[in-house]
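Trainee: Would you mind keeping the following structure in view while I ask a few things?
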Amino acid sequence: MKFMKLGSKPDCFQSEGNNLRYVASELASDIIIHIGDVKFYLHKFPLLSKSAHLQKLVTNSNEGNGDEVHIHDIPGGHTAFETCAKFCYGMTVTLNAYNLIAARCAAEYLEMNESVEKGNLIYKIDVFLNSSILKSWKDSIIVLQTTKSHLPMCEELKLVGHCVEAIASRACIDVSKVDWSYTYNRKKIHEENDIDPNLHGARSRMVPKDWWVEDLSELEVVDTYKRVIMSIKNKGIVSDEVIGEALKAYASRKLQGFGKGLIQNNDASKYSSILDTVVWLLPAEKGSVSCGFLLKLLKLSISLDLGEHTKGELVKRIGHQLEEASVNDLLIRASNGDTTSLYDVHVVQQMLKEFMSRDQDSDETSGEINHAQKPGILSEASKLMVAKLVDGYLAGIAEDPNLPSSTFVGLAEMVSSFPRPSHDGLYRAIDMYLKRHPGISKSERKRICRLMDCKKLSVEACMHAVQNERLPMRVIVQVLFFEQVKANAASSGCSTPDLPRAIKDLNSTSYGSSRSVATNPEEDWDAVASADELKALRGELAALRLGNRSAAERVKSNNNNNNADKAAISKVKGLLMSKRMFSRMWSSSSKGGQGGENSGSDSSDSLGSTMEEAKSSPLRKGRHSVS
């Protein structure tokens, strides 16, 4: 730290108790100056020769007694006045970054300027400030900190502006010319020397571009920090990424509980001001701050109930880099006023809208620019990442017992067009929702399950699904049948065929609309399957795959089944209508390995005709609804 000594005479100020100061001298004091509760017994000549204000006070004393003066509003109080008085006596005065601003403001108050005497205190302090203090990074920050106690005078004297400009200029210099910040030195030198005893001092390490961010986090006045960052940004030298790191460091230092996205005490107004400032200072460039950082800011803004403008700005920024988010970050608790939901799903929907607006913005871009190079265009990789993110988020909010199925479905449908090679994550979310909401209607269950494409389930997911008693019968039939299709394709060495349209129709809302209720009642297809019915389904479809069981084997198998198994098998056979129908479907799907989508379409006709044949089947007589 730099310092300056003024005067050469020894310090002769003496004290008696806490409220009395005097100068040890052969001359008796001829003036008493009251600074608050403290009395100074001093001499007029040295004081009045350097202070125009004291001259006026002594001359214009209202009491007619010029030997006693009362001063109540001098900046820095009795300590700063004592510094000025010592200077008047020519005694040694030591000025440094901590007491310089108080002395400067007190000297301004006392009018110790050049018009009274050349080389007066104001002039000497200004020279020391500009030539020494503001040349030091550490001292500049300390001086700026001390200005908060002497506002608005420091603003009027432009001391704050000079400090801000000096700090901003130092932050923008080339890192090769930086001698480390004092905060970094305190934290790192010991660790560095422990690693390598041959290294001495902080200069032995390479200076990072964000070397100054921790130091500026020590600034206590929010508006002061804002002015410094704005000055740095306006110079256009420091990158947006470094500005982003500075804001992150400042938020972490000033916002207790920021790492958890929560505020843990009641000082909401202070934190609101800090949060508004951080959001206002965010660089415009995408990626200058992480999506996780933005989401923490958003959680705090919701917790503090900040204005819609601040929250809207954060939602927009998050939406433009949503692919970087994590599920835990998106699980934002609903505000205290919302007693119906655990999580704020609406704000996530807004993020998704902002994310998808990047495609709309790119479509509006004029010119013959290549589609892949248009600004803001969503890549397939980004869409895939967001689709997986939404799947995970749906699984997270599925635990909310008050989450409406319409909200769950609406959120999932927002990314239904995004490419997803696997629907395992979506299946997991659907299963968790069905488990947590067992009382939903059959139509709601059907609508939720339609979100999932059974063809895109992994082997593990299929194994779980065919034993899942929460799924409607139509979904289990799809999973089981396609599992057999894939197994048959693998054994024959052909590519996996597409599902016949008959199986696809099991999930369509219009299925059975042109058929009689006796032929295919929707209730049975949309009802959940019992354990026995699941077992029977797997057995029947496995039989279709084998296709060669003898009559004797079937009789023997039927004789071994207990009554519950027989009832389940009877019902399943009623649902499946006949082996002949599914044999046609199987044959059609096998041909589909060669014919692709066209073969799948043909199977719909086969299924429709077989349904008509099955109307008179004796298996239909024992049919009953599972409701």
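A note on labels: chains of the structure tokens are A, B, ... as shown, every chain counts residues from 1, and ligands are counted from 1 in their shown order.
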I want to know what sits within 9 Å of A:Leu47, based on only C-alpha atoms, with residues of the same chain fewer than 5 positions away left out; could you give that as number ranges by chain?
Mentor: A: 42, 54-55, 84-85, 88-89
Trainee: Generate the output file for the selected residues, N, CA, C and O atoms, as an mmCIF file, in the first residue's frame.
Mentor:
data_model
loop_
_atom_site.group_PDB
_atom_site.id
_atom_site.type_symbol
_atom_site.label_atom_id
_atom_site.label_comp_id
_atom_site.auth_asym_id
_atom_site.auth_seq_id
_atom_site.Cartn_x
_atom_site.Cartn_y
_atom_site.Cartn_z
ATOM 1 N N LEU A 42 -7.024 24.785 20.417
ATOM 2 C CA LEU A 42 -6.023 25.031 19.380
ATOM 3 C C LEU A 42 -5.664 26.518 19.320
ATOM 4 O O LEU A 42 -6.051 27.320 20.189
ATOM 5 N N LEU A 54 -12.838 28.353 8.355
ATOM 6 C CA LEU A 54 -12.629 28.719 9.759
ATOM 7 C C LEU A 54 -12.534 30.235 9.921
ATOM 8 O O LEU A 54 -12.992 30.786 10.931
ATOM 9 N N GLN A 55 -11.966 30.864 8.931
ATOM 10 C CA GLN A 55 -11.926 32.330 8.982
ATOM 11 C C GLN A 55 -13.340 32.899 9.063
ATOM 12 O O GLN A 55 -13.628 33.809 9.869
ATOM 13 N N CYS A 84 -6.542 17.458 9.303
ATOM 14 C CA CYS A 84 -6.409 18.783 8.689
ATOM 15 C C CYS A 84 -5.708 19.762 9.642
ATOM 16 O O CYS A 84 -4.878 20.593 9.206
ATOM 17 N N ALA A 85 -6.034 19.650 10.926
ATOM 18 C CA ALA A 85 -5.417 20.553 11.909
ATOM 19 C C ALA A 85 -3.916 20.294 12.021
ATOM 20 O O ALA A 85 -3.105 21.237 12.091
ATOM 21 N N CYS A 88 -2.161 21.939 9.279
ATOM 22 C CA CYS A 88 -2.041 23.383 9.494
ATOM 23 C C CYS A 88 -0.859 23.711 10.419
ATOM 24 O O CYS A 88 -0.175 24.740 10.239
ATOM 25 N N TYR A 89 -0.608 22.850 11.379
ATOM 26 C CA TYR A 89 0.503 23.073 12.309
ATOM 27 C C TYR A 89 1.839 22.613 11.719
ATOM 28 O O TYR A 89 2.881 22.824 12.333
#
Trainee: Run DSSP on the backbone and grab whatever in stretch 215-434 of chain A lands in helix (DSSP H, G or I); send it over as a PyMOL selection string.
Mentor: chain A and resi 215-216+222-235+240-254+258-260+268-281+291-303+308-319+322-324+327-330+345-363+371-373+380-397+405-414+424-434
Trainee: With a distance cut-off of 12 Å and only C-alpha atoms, select the neighbouring residues of A:Lys158, excluding the residue or stretch itself and same-chain residues fewer than 3 positions from it, and output the selection as a ChimeraX atom specification.
Mentor: /A:101,104-105,126,144,147,150-155,161-165
Trainee: What's around A:Ala398 at 7 Å? Count only C-alpha atoms, leave out sequence neighbours fewer than 4 positions away in its own chain, and write the answer as a ChimeraX atom specification.
Mentor: /A:394,429,432-433
Trainee: Could you give me the residues within stretch 68-223 of chain A that DSSP places in strand (DSSP E), as a ChimeraX atom specification?
Mentor: /A:68-71,93-96
Trainee: Suppose you want the space between atom CA of A:Lys446 and atom CA of A:Ser405; what is it in Å?
Mentor: 10.9 Å
Trainee: Excluding same-chain residues fewer than 3 positions from A:Ser231, what lies within 6 Å of it counting only C-alpha atoms, as a list in words?
Mentor: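 After dropping sequence-adjacent residues, the list is Ala168, Val228 and Asn234 of chain A.
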Trainee: Just the residues within 6 Å of stretch 344-359 of chain A, please, counting only C-alpha atoms, with nothing from its chain fewer than 5 positions along; format it as a compact mmCIF listing (two decimals) with N, CA and C atoms, in the first residue's frame.
Mentor:
# COMPACT_ATOMS: atom_id res chain seq x y z
N VAL A 315 -35.81 -15.53 -18.88
CA VAL A 315 -36.45 -16.63 -19.62
C VAL A 315 -36.03 -16.60 -21.08
N LYS A 316 -35.97 -15.42 -21.66
CA LYS A 316 -35.55 -15.29 -23.06
C LYS A 316 -34.12 -15.77 -23.26
N GLY A 319 -33.94 -19.58 -22.84
CA GLY A 319 -34.51 -20.26 -23.99
C GLY A 319 -33.56 -20.33 -25.17
N HIS A 320 -32.71 -19.33 -25.33
CA HIS A 320 -31.79 -19.30 -26.45
C HIS A 320 -30.59 -20.22 -26.27
N ILE A 332 -37.91 -25.77 -11.03
CA ILE A 332 -38.06 -24.51 -10.30
C ILE A 332 -39.33 -24.57 -9.46
N ARG A 333 -39.19 -24.37 -8.19
CA ARG A 333 -40.34 -24.40 -7.29
C ARG A 333 -41.31 -23.26 -7.63
N ALA A 334 -42.59 -23.57 -7.53
CA ALA A 334 -43.60 -22.55 -7.77
C ALA A 334 -43.51 -21.48 -6.71
N GLY A 376 -29.14 -18.36 -35.67
CA GLY A 376 -30.19 -18.78 -34.77
C GLY A 376 -30.84 -20.09 -35.13
N ILE A 377 -30.46 -20.72 -36.27
CA ILE A 377 -31.10 -21.95 -36.67
C ILE A 377 -30.83 -23.04 -35.65
N LEU A 378 -31.85 -23.83 -35.35
CA LEU A 378 -31.71 -24.92 -34.39
C LEU A 378 -31.11 -26.14 -35.09
Trainee: Mind giving me the straight-line distance from atom CA of A:Leu20 to atom CA of A:Asn96 in Å, one decimal?
Mentor: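 The value is 25.4 Å.
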Trainee: What's the 8 Å shell around stretch 425-427 of chain A, counting only C-alpha atoms, without same-chain residues fewer than 6 positions away, as a count of residues only?
Mentor: 8
Trainee: Between A:Glu399, A:Asp240, A:Asp30, A:Asp424, which has the minimum distance to A:His437 (counting only C-alpha atoms)?
Mentor: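 Selected residue with least distance to A:His437: A:Glu399.
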